[in-house]
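Trainee: Input entry00.txt, format and content: compact mmCIF, C-alpha atoms and all ligand atoms.
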```txt
# COMPACT_ATOMS: atom_id res chain seq x y z
CA MET V 1 -3.80 -13.52 -17.96
CA ASP V 2 -5.34 -13.44 -14.50
CA ALA V 3 -9.07 -14.13 -15.06
CA ARG V 4 -9.90 -12.25 -11.86
CA LEU V 5 -9.02 -9.03 -13.69
CA ASN V 6 -12.29 -9.36 -15.58
CA HIS V 7 -14.37 -9.99 -12.49
CA LYS V 8 -16.35 -7.25 -10.81
CA PHE V 9 -15.15 -6.10 -7.42
CA SER V 10 -18.33 -7.52 -5.88
CA GLN V 11 -17.62 -10.97 -7.36
CA ARG V 12 -14.01 -10.89 -6.22
CA ALA V 13 -15.17 -10.10 -2.67
CA ASN V 14 -16.19 -13.77 -2.28
CA GLY V 15 -12.65 -14.95 -2.99
CA LEU V 16 -10.89 -12.86 -0.36
CA LYS V 17 -10.45 -14.21 3.13
CA ASN V 18 -10.25 -11.01 5.21
CA PRO V 19 -13.71 -9.64 6.12
CA LEU V 20 -12.61 -6.01 5.74
CA ALA V 21 -11.29 -6.72 2.23
CA LYS V 22 -14.65 -8.25 1.31
CA ALA V 23 -16.52 -5.26 2.72
CA LEU V 24 -14.26 -2.78 0.90
CA LEU V 25 -14.77 -4.46 -2.48
CA ALA V 26 -18.53 -4.57 -1.94
CA LEU V 27 -18.58 -0.89 -0.96
CA MET V 28 -16.58 0.08 -4.08
CA GLU V 29 -19.13 -1.58 -6.33
CA GLU V 30 -22.02 -0.04 -4.44
CA LYS V 31 -20.61 3.51 -4.36
CA GLN V 32 -19.10 3.05 -7.83
CA THR V 33 -15.74 4.36 -6.78
CA ASN V 34 -12.20 3.03 -6.70
CA LEU V 35 -10.79 6.37 -5.58
CA SER V 36 -8.80 6.77 -2.38
CA VAL V 37 -7.81 10.30 -1.42
CA ALA V 38 -4.53 10.97 0.41
CA VAL V 39 -5.37 13.87 2.73
CA ASP V 40 -1.89 15.17 3.53
CA LEU V 41 -2.86 18.41 5.28
CA THR V 42 -1.47 19.46 8.66
CA ASN V 43 -4.39 20.64 10.75
CA LYS V 44 -7.56 19.02 11.98
CA ALA V 45 -10.09 21.54 10.74
CA ASP V 46 -8.71 21.60 7.18
CA ILE V 47 -8.64 17.81 6.99
CA LEU V 48 -12.15 17.33 8.38
CA ALA V 49 -13.63 20.03 6.11
CA LEU V 50 -11.99 18.45 3.05
CA VAL V 51 -13.08 14.93 4.00
CA ASP V 52 -16.67 16.07 4.53
CA LYS V 53 -16.69 17.51 0.99
CA ILE V 54 -15.07 14.63 -0.86
CA GLY V 55 -16.39 11.74 1.28
CA PRO V 56 -19.26 10.93 -1.13
CA PHE V 57 -16.79 10.18 -3.95
CA VAL V 58 -14.27 7.90 -2.24
CA CYS V 59 -13.99 4.34 -0.95
CA VAL V 60 -10.96 5.05 1.25
CA ILE V 61 -9.57 8.13 2.99
CA LYS V 62 -5.83 7.86 3.56
CA THR V 63 -4.23 9.73 6.46
CA HIS V 64 -0.74 10.52 7.77
CA VAL V 65 -1.73 11.40 11.35
CA ASP V 66 1.85 12.16 12.40
CA VAL V 67 1.82 15.36 10.28
CA ILE V 68 -1.23 16.83 12.04
CA GLU V 69 -0.15 19.73 14.30
CA ASP V 70 -3.21 19.62 16.57
CA PHE V 71 -3.89 15.87 16.55
CA ASP V 72 -6.08 14.60 19.39
CA GLN V 73 -8.69 11.92 20.03
CA ASP V 74 -11.44 14.33 19.01
CA PHE V 75 -9.97 14.29 15.49
CA ILE V 76 -10.35 10.51 15.44
CA GLN V 77 -13.93 10.72 16.69
CA GLN V 78 -14.85 13.26 14.02
CA LEU V 79 -13.08 11.35 11.25
CA THR V 80 -14.82 8.14 12.32
CA ALA V 81 -18.18 9.94 12.29
CA LEU V 82 -17.46 11.16 8.73
CA SER V 83 -16.51 7.63 7.68
CA GLU V 84 -19.93 6.47 8.87
CA LYS V 85 -21.77 9.43 7.36
CA HIS V 86 -20.21 9.11 3.89
CA ARG V 87 -19.33 5.39 4.07
CA PHE V 88 -15.62 5.06 3.45
CA TYR V 89 -12.79 3.17 5.14
CA ILE V 90 -9.86 4.85 6.91
CA PHE V 91 -6.32 3.91 5.88
CA GLU V 92 -3.53 5.23 8.11
CA ASP V 93 -0.45 5.27 5.90
CA ARG V 94 1.95 4.52 8.78
CA LYS V 95 4.47 2.49 6.75
CA PHE V 96 5.63 0.48 9.75
CA ALA V 97 9.23 -0.68 9.32
CA ASP V 98 10.55 -2.21 12.57
CA ILE V 99 10.79 -5.58 14.30
CA GLY V 100 7.58 -7.39 15.20
CA ASN V 101 7.61 -6.49 18.89
CA THR V 102 8.15 -2.77 18.25
CA VAL V 103 5.49 -2.47 15.55
CA LYS V 104 2.96 -4.13 17.85
CA LEU V 105 3.50 -1.27 20.31
CA GLN V 106 3.53 1.40 17.58
CA TYR V 107 0.29 0.03 16.11
CA SER V 108 -1.63 -0.39 19.37
CA SER V 109 -0.27 2.28 21.73
CA GLY V 110 1.32 5.71 22.02
CA VAL V 111 -0.30 8.97 21.00
CA TYR V 112 -2.10 7.62 17.95
CA LYS V 113 -3.43 4.14 18.93
CA ILE V 114 -3.75 3.46 15.20
CA ALA V 115 -5.24 -0.04 15.52
CA SER V 116 -8.19 1.32 17.49
CA TRP V 117 -9.52 3.41 14.58
CA ALA V 118 -7.72 2.74 11.26
CA HIS V 119 -9.44 0.03 9.24
CA ILE V 120 -6.33 -0.38 7.10
CA THR V 121 -2.63 0.28 7.59
CA ASN V 122 0.53 -0.64 5.71
CA CYS V 123 4.09 -1.76 6.29
CA HIS V 124 7.45 -2.15 4.65
CA THR V 125 8.80 -5.69 4.51
CA VAL V 126 12.46 -4.79 5.00
CA PRO V 127 12.59 -6.15 8.61
CA GLY V 128 11.42 -9.65 7.60
CA GLU V 129 8.24 -11.65 8.09
CA GLY V 130 8.06 -10.80 11.83
CA ILE V 131 6.66 -7.36 11.00
CA VAL V 132 3.60 -8.95 9.41
CA GLN V 133 3.22 -11.39 12.32
CA GLY V 134 3.51 -8.60 14.90
CA LEU V 135 0.95 -6.34 13.22
CA LYS V 136 -1.38 -9.29 12.69
CA GLU V 137 -1.40 -10.15 16.39
CA VAL V 138 -2.83 -6.70 17.07
CA GLY V 139 -4.94 -6.07 13.98
CA LEU V 140 -6.59 -9.38 13.12
CA PRO V 141 -8.68 -9.67 16.32
CA LEU V 142 -9.93 -6.11 15.64
CA GLY V 143 -11.01 -6.95 12.09
CA ARG V 144 -8.33 -4.76 10.47
CA GLY V 145 -6.47 -5.23 7.19
CA LEU V 146 -2.84 -4.74 6.13
CA LEU V 147 -1.30 -3.62 2.85
CA LEU V 148 2.29 -4.59 2.10
CA LEU V 149 4.47 -2.08 0.27
CA ALA V 150 5.57 -4.33 -2.59
CA GLU V 151 6.69 -1.39 -4.75
CA MET V 152 6.96 2.39 -4.39
CA SER V 153 6.01 5.13 -6.83
CA SER V 154 9.12 7.21 -6.19
CA LYS V 155 12.14 7.36 -8.45
CA GLY V 156 14.99 5.01 -7.51
CA SER V 157 12.87 2.86 -5.15
CA LEU V 158 14.72 -0.22 -3.93
CA ALA V 159 11.50 -2.22 -3.59
CA THR V 160 12.01 -4.28 -6.75
CA GLY V 161 12.99 -7.79 -7.88
CA SER V 162 13.45 -10.38 -5.12
CA TYR V 163 12.34 -7.85 -2.44
CA THR V 164 8.99 -7.50 -4.18
CA GLN V 165 8.80 -11.26 -4.81
CA THR V 166 9.35 -12.16 -1.16
CA THR V 167 6.76 -9.56 -0.14
CA LEU V 168 4.20 -11.37 -2.32
CA GLU V 169 5.03 -14.68 -0.64
CA TRP V 170 4.37 -13.23 2.82
CA ALA V 171 1.05 -11.81 1.67
CA GLU V 172 0.02 -15.27 0.40
CA LYS V 173 1.05 -16.84 3.69
CA HIS V 174 -0.80 -14.24 5.79
CA ASN V 175 -3.79 -13.67 3.53
CA ASP V 176 -6.12 -13.67 6.54
CA PHE V 177 -4.69 -10.27 7.47
CA CYS V 178 -2.93 -9.01 4.29
CA ILE V 179 -5.62 -7.59 2.07
CA GLY V 180 -3.29 -6.47 -0.68
CA PHE V 181 -0.43 -4.34 -1.86
CA ILE V 182 0.76 -0.84 -2.44
CA ALA V 183 2.18 -1.27 -5.93
CA GLY V 184 2.06 0.13 -9.44
CA ARG V 185 0.60 -3.01 -11.00
CA ARG V 186 -1.25 -6.24 -10.33
CA PHE V 187 1.07 -9.18 -9.70
CA PRO V 188 0.35 -12.19 -11.92
CA ASN V 189 0.24 -15.85 -10.87
CA LEU V 190 -0.66 -15.39 -7.22
CA GLN V 191 -2.62 -18.18 -5.61
CA HIS V 192 -4.91 -15.82 -3.69
CA ASP V 193 -6.64 -12.66 -4.84
CA PHE V 194 -5.48 -9.33 -3.38
CA ILE V 195 -6.45 -5.66 -3.67
CA THR V 196 -3.85 -3.52 -5.44
CA MET V 197 -3.73 0.14 -4.46
CA SER V 198 -1.59 2.51 -6.54
CA PRO V 199 -0.25 5.89 -5.43
CA GLY V 200 1.55 8.26 -7.79
CA ILE V 201 -1.59 9.14 -9.78
CA GLY V 202 -2.00 12.42 -11.65
CA LEU V 203 -3.98 13.56 -14.66
CA ASP V 204 -2.11 16.84 -15.14
CA VAL V 205 1.51 16.52 -14.05
CA LYS V 206 4.26 13.89 -14.28
CA GLY V 207 6.19 14.54 -11.06
CA ASP V 208 6.70 16.81 -8.02
CA GLY V 209 10.44 17.63 -8.11
CA LEU V 210 11.09 15.33 -5.10
CA GLY V 211 11.05 11.98 -6.86
CA GLN V 212 7.30 11.33 -6.97
CA GLN V 213 6.26 9.94 -10.39
CA TYR V 214 2.68 10.24 -11.66
CA ARG V 215 0.78 7.98 -14.03
CA THR V 216 -2.83 8.17 -15.15
CA PRO V 217 -5.72 6.07 -13.79
CA HIS V 218 -6.04 4.47 -17.24
CA GLU V 219 -2.41 3.41 -17.24
CA VAL V 220 -2.49 1.77 -13.81
CA ILE V 221 -5.99 0.24 -13.95
CA VAL V 222 -6.40 -0.81 -17.58
CA ASN V 223 -2.78 -1.43 -18.60
CA CYS V 224 -1.40 -2.60 -15.24
CA GLY V 225 -4.40 -4.23 -13.54
CA SER V 226 -4.46 -2.17 -10.34
CA ASP V 227 -7.74 -1.74 -8.41
CA ILE V 228 -7.66 1.49 -6.39
CA ILE V 229 -6.06 4.82 -7.29
CA ILE V 230 -4.60 6.91 -4.46
CA VAL V 231 -4.66 10.62 -5.28
CA GLY V 232 -3.36 13.42 -3.06
CA ARG V 233 -2.25 16.80 -4.41
CA GLY V 234 -4.05 16.21 -7.70
CA ILE V 235 -7.24 16.75 -5.68
CA TYR V 236 -6.48 19.29 -2.96
CA GLY V 237 -3.34 20.98 -4.40
CA ALA V 238 -3.00 24.75 -4.85
CA GLY V 239 -5.62 26.31 -7.10
CA ARG V 240 -7.79 23.20 -7.31
CA ASP V 241 -11.44 22.77 -6.38
CA PRO V 242 -11.32 19.48 -4.45
CA VAL V 243 -14.96 18.56 -5.15
CA VAL V 244 -14.51 19.04 -8.90
CA GLU V 245 -11.22 17.14 -8.88
CA ALA V 246 -12.54 14.31 -6.68
CA GLN V 247 -15.40 13.80 -9.13
CA ARG V 248 -12.99 13.93 -12.06
CA TYR V 249 -10.63 11.32 -10.58
CA LYS V 250 -13.55 9.17 -9.42
CA GLN V 251 -14.89 9.13 -12.98
CA ALA V 252 -11.47 8.46 -14.51
CA GLY V 253 -10.85 5.57 -12.10
CA TRP V 254 -14.31 4.05 -12.57
CA ASN V 255 -14.23 4.42 -16.37
CA ALA V 256 -10.86 2.66 -16.43
CA TYR V 257 -12.27 -0.19 -14.31
CA GLN V 258 -15.30 -0.50 -16.62
CA GLU V 259 -13.01 -0.58 -19.63
CA ARG V 260 -10.98 -3.37 -18.06
CA LEU V 261 -14.14 -5.37 -17.30
CA SER V 262 -15.31 -5.02 -20.87
CA GLY V 263 -12.03 -6.67 -21.96
CA LYS V 264 -11.45 -4.13 -24.75
O1 LIG V 301 -0.71 12.21 -4.87
P1 LIG V 301 0.38 12.71 -3.94
O2 LIG V 301 1.75 12.61 -4.57
O3 LIG V 301 0.11 14.05 -3.38
O4 LIG V 301 0.34 11.74 -2.66
C1 LIG V 301 0.64 10.38 -2.73
C2 LIG V 301 0.40 9.74 -1.37
C3 LIG V 301 1.28 10.26 -0.25
C4 LIG V 301 2.37 9.21 -0.10
O5 LIG V 301 2.81 9.09 1.26
C5 LIG V 301 1.68 7.93 -0.57
O6 LIG V 301 0.65 8.33 -1.47
N1 LIG V 301 2.54 6.94 -1.26
C6 LIG V 301 2.60 5.58 -0.84
C7 LIG V 301 1.64 4.95 0.05
C8 LIG V 301 0.24 5.18 -0.08
O7 LIG V 301 1.98 4.09 0.83
C9 LIG V 301 3.54 4.72 -1.40
C10 LIG V 301 4.29 5.14 -2.50
O8 LIG V 301 5.05 4.36 -3.07
N2 LIG V 301 4.14 6.43 -2.96
C11 LIG V 301 3.29 7.32 -2.37
O9 LIG V 301 3.19 8.45 -2.86
O10 LIG V 301 0.51 10.34 0.93
```
For the file at hand, write its structure as structure tokens.
Ligand code: 6AU

Mentor:
Amino acid sequence: MDARLNHKFSQRANGLKNPLAKALLALMEEKQTNLSVAVDLTNKADILALVDKIGPFVCVIKTHVDVIEDFDQDFIQQLTALSEKHRFYIFEDRKFADIGNTVKLQYSSGVYKIASWAHITNCHTVPGEGIVQGLKEVGLPLGRGLLLLAEMSSKGSLATGSYTQTTLEWAEKHNDFCIGFIAGRRFPNLQHDFITMSPGIGLDVKGDGLGQQYRTPHEVIVNCGSDIIIVGRGIYGAGRDPVVEAQRYKQAGWNAYQERLSGK
């Protein structure tokens, strides 16, 4: 058993090397939330209105900026202002997947200039360790953090076995920049502590007909040792009141964390 599973987020903050990871864990304890919302809407106004409503209940807002029809720098300014108003971190779910030199350009430049505003981003490890090195050259001096996709929530994912294992080794090696993993569970026997963020979370449905697989906050946090739940359509999907749902998922995630701490 990993003893760190029974430590509060605020205690674990001391053990992580990356300053953003420390700040995120401290914020979670302070705001009493381990909920990240995936805001996969396609226009600025809808996203900003939703984020303003649910901001008080989350530690991280996750974006896919390449699906926004009217993306511009004003969107980034407004999102950044909301992150300061409600105190949450911004995670651009870019899933970089190219050679080190190319991802450096994709992360720093182009239309989105992700490194200039996203506190957190993520990458696949399929290209090899150079992807982590390339992103780190851009992100570390800016105080950013990286999540490695060690597993995926979708059916038939190839991120398993030795692929996952090698991903963990690179995170250990680059733990100044890698703050954790996208995965369905906490990985045992790691030398350093990392933050585990789990997508594929739903309280009402089991899947979406396109391979997504949902588990409950209790399952991933208590049974599997994850830290942060990432919830998308469960909160803003058709017929849902996002404020009610955000509070419901926040409570479910926090209760699960408390249950884990109590060691029951
Ligand atoms: O709750 P949903 O299914 O509406 O949204 C889940 C969100 C989406 C996916 O792009 C993302 O989580 N995601 C990821 C991430 C966060 O990297 C990895 C994964 O394995 N599965 C997954 O759904 O925005």

Trainee: Which residues come within 10 Å of Glu259 of chain V, counting all atoms listed in the file, excluding same-chain residues fewer than 5 positions away, as a list of chain:residue names?

Mentor: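 Near neighbours after the sequence-gap exclusion: V:Asn6, V:His218, V:Ile221, V:Val222, V:Gly253, V:Trp254, V:Lys264.
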
Trainee: Please identify the residues whose atoms come within 10 Å of ligand LIG 301 (chain V), using all atoms listed in the file, and report them as a PyMOL selection string.

Mentor: chain V and resi 36-41+62-64+91-95+121-124+147-155+157+159+181-184+197-202+207-208+210-214+229-237

Trainee: What separation in Å, quoted to one decimal, exists between atom CA of Asp193 of chain V and atom CA of Leu16 of chain V?

Mentor: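 So the answer is 6.2 Å.
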
Trainee: What gap, in Å, lies between atom CA of Asp46 of chain V and atom CA of Phe88 of chain V?

Mentor: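 Straight-line distance from atom CA of Asp46 of chain V to atom CA of Phe88 of chain V works out to 18.3 Å.
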
Trainee: Enclose the full set of atoms of segment 214-233 of chain V listed in the file within a box whose edges lie along x, y and z, apply 8 Å of padding to each of the six sides, and report centre and edge lengths in Å to one decimal as lines of an AutoDock Vina configuration file.

Mentor:
```
center_x = -2.5
center_y = 6.3
center_z = -10.8
size_x = 26.4
size_y = 37.0
size_z = 31.5
```

Trainee: To one decimal place in Å, what is the distance between atom CA of Lys136 of chain V and atom CA of Gln106 of chain V?

Mentor: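 Computing the Euclidean distance for atom CA of Lys136 of chain V and atom CA of Gln106 of chain V yields 12.7 Å.
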
Trainee: Here is a test: counting all atoms listed in the file, which residue of V:Ala115, V:Ile68, V:Leu135, V:Met28 is nearest to Pro56 of chain V?

Mentor: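 The answer is V:Met28, which sits nearest to Pro56 of chain V.
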
Trainee: So, with all atoms listed in the file as the atoms that count, which of V:Thr196, V:Thr167, V:Gln251, V:Ser162 lies closest to Gln32 of chain V?

Mentor: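 Residue with the minimum atom-to-atom distance to Gln32 of chain V: V:Gln251.
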
Trainee: Find, counting all atoms listed in the file, the residue in V:Ala21, V:Ile47, V:Val111, V:Ala97 that gets nearest to Gly143 of chain V.

Mentor: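 So, comparing all the options, the nearest one is V:Ala21.
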
Trainee: If we count all atoms listed in the file, what is near Leu142 of chain V at a cut-off of 8 Å, once residues fewer than 2 positions away on the same chain are taken out, given as a list in words?

Mentor: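 Within the cut-off, the hits are Ala115, Ser116, Val138, Gly139, Leu140 and Arg144 of chain V.
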
Trainee: Would you pick out the contacts of Val132 of chain V at 8 Å or less, using only C-alpha atoms, so that residues sharing its chain but fewer than 6 positions from it are not included, and give the list as a ChimeraX atom specification?

Mentor: /V:100,123,125,170,174

Trainee: Please write the residues from the selection above to a file, keeping C-alpha atoms, as a CSV table (one decimal), keeping the file's coordinate frame.

Mentor:
```
chain,number,residue,atom,x,y,z
V,100,GLY,CA,7.6,-7.4,15.2
V,123,CYS,CA,4.1,-1.8,6.3
V,125,THR,CA,8.8,-5.7,4.5
V,170,TRP,CA,4.4,-13.2,2.8
V,174,HIS,CA,-0.8,-14.2,5.8
```
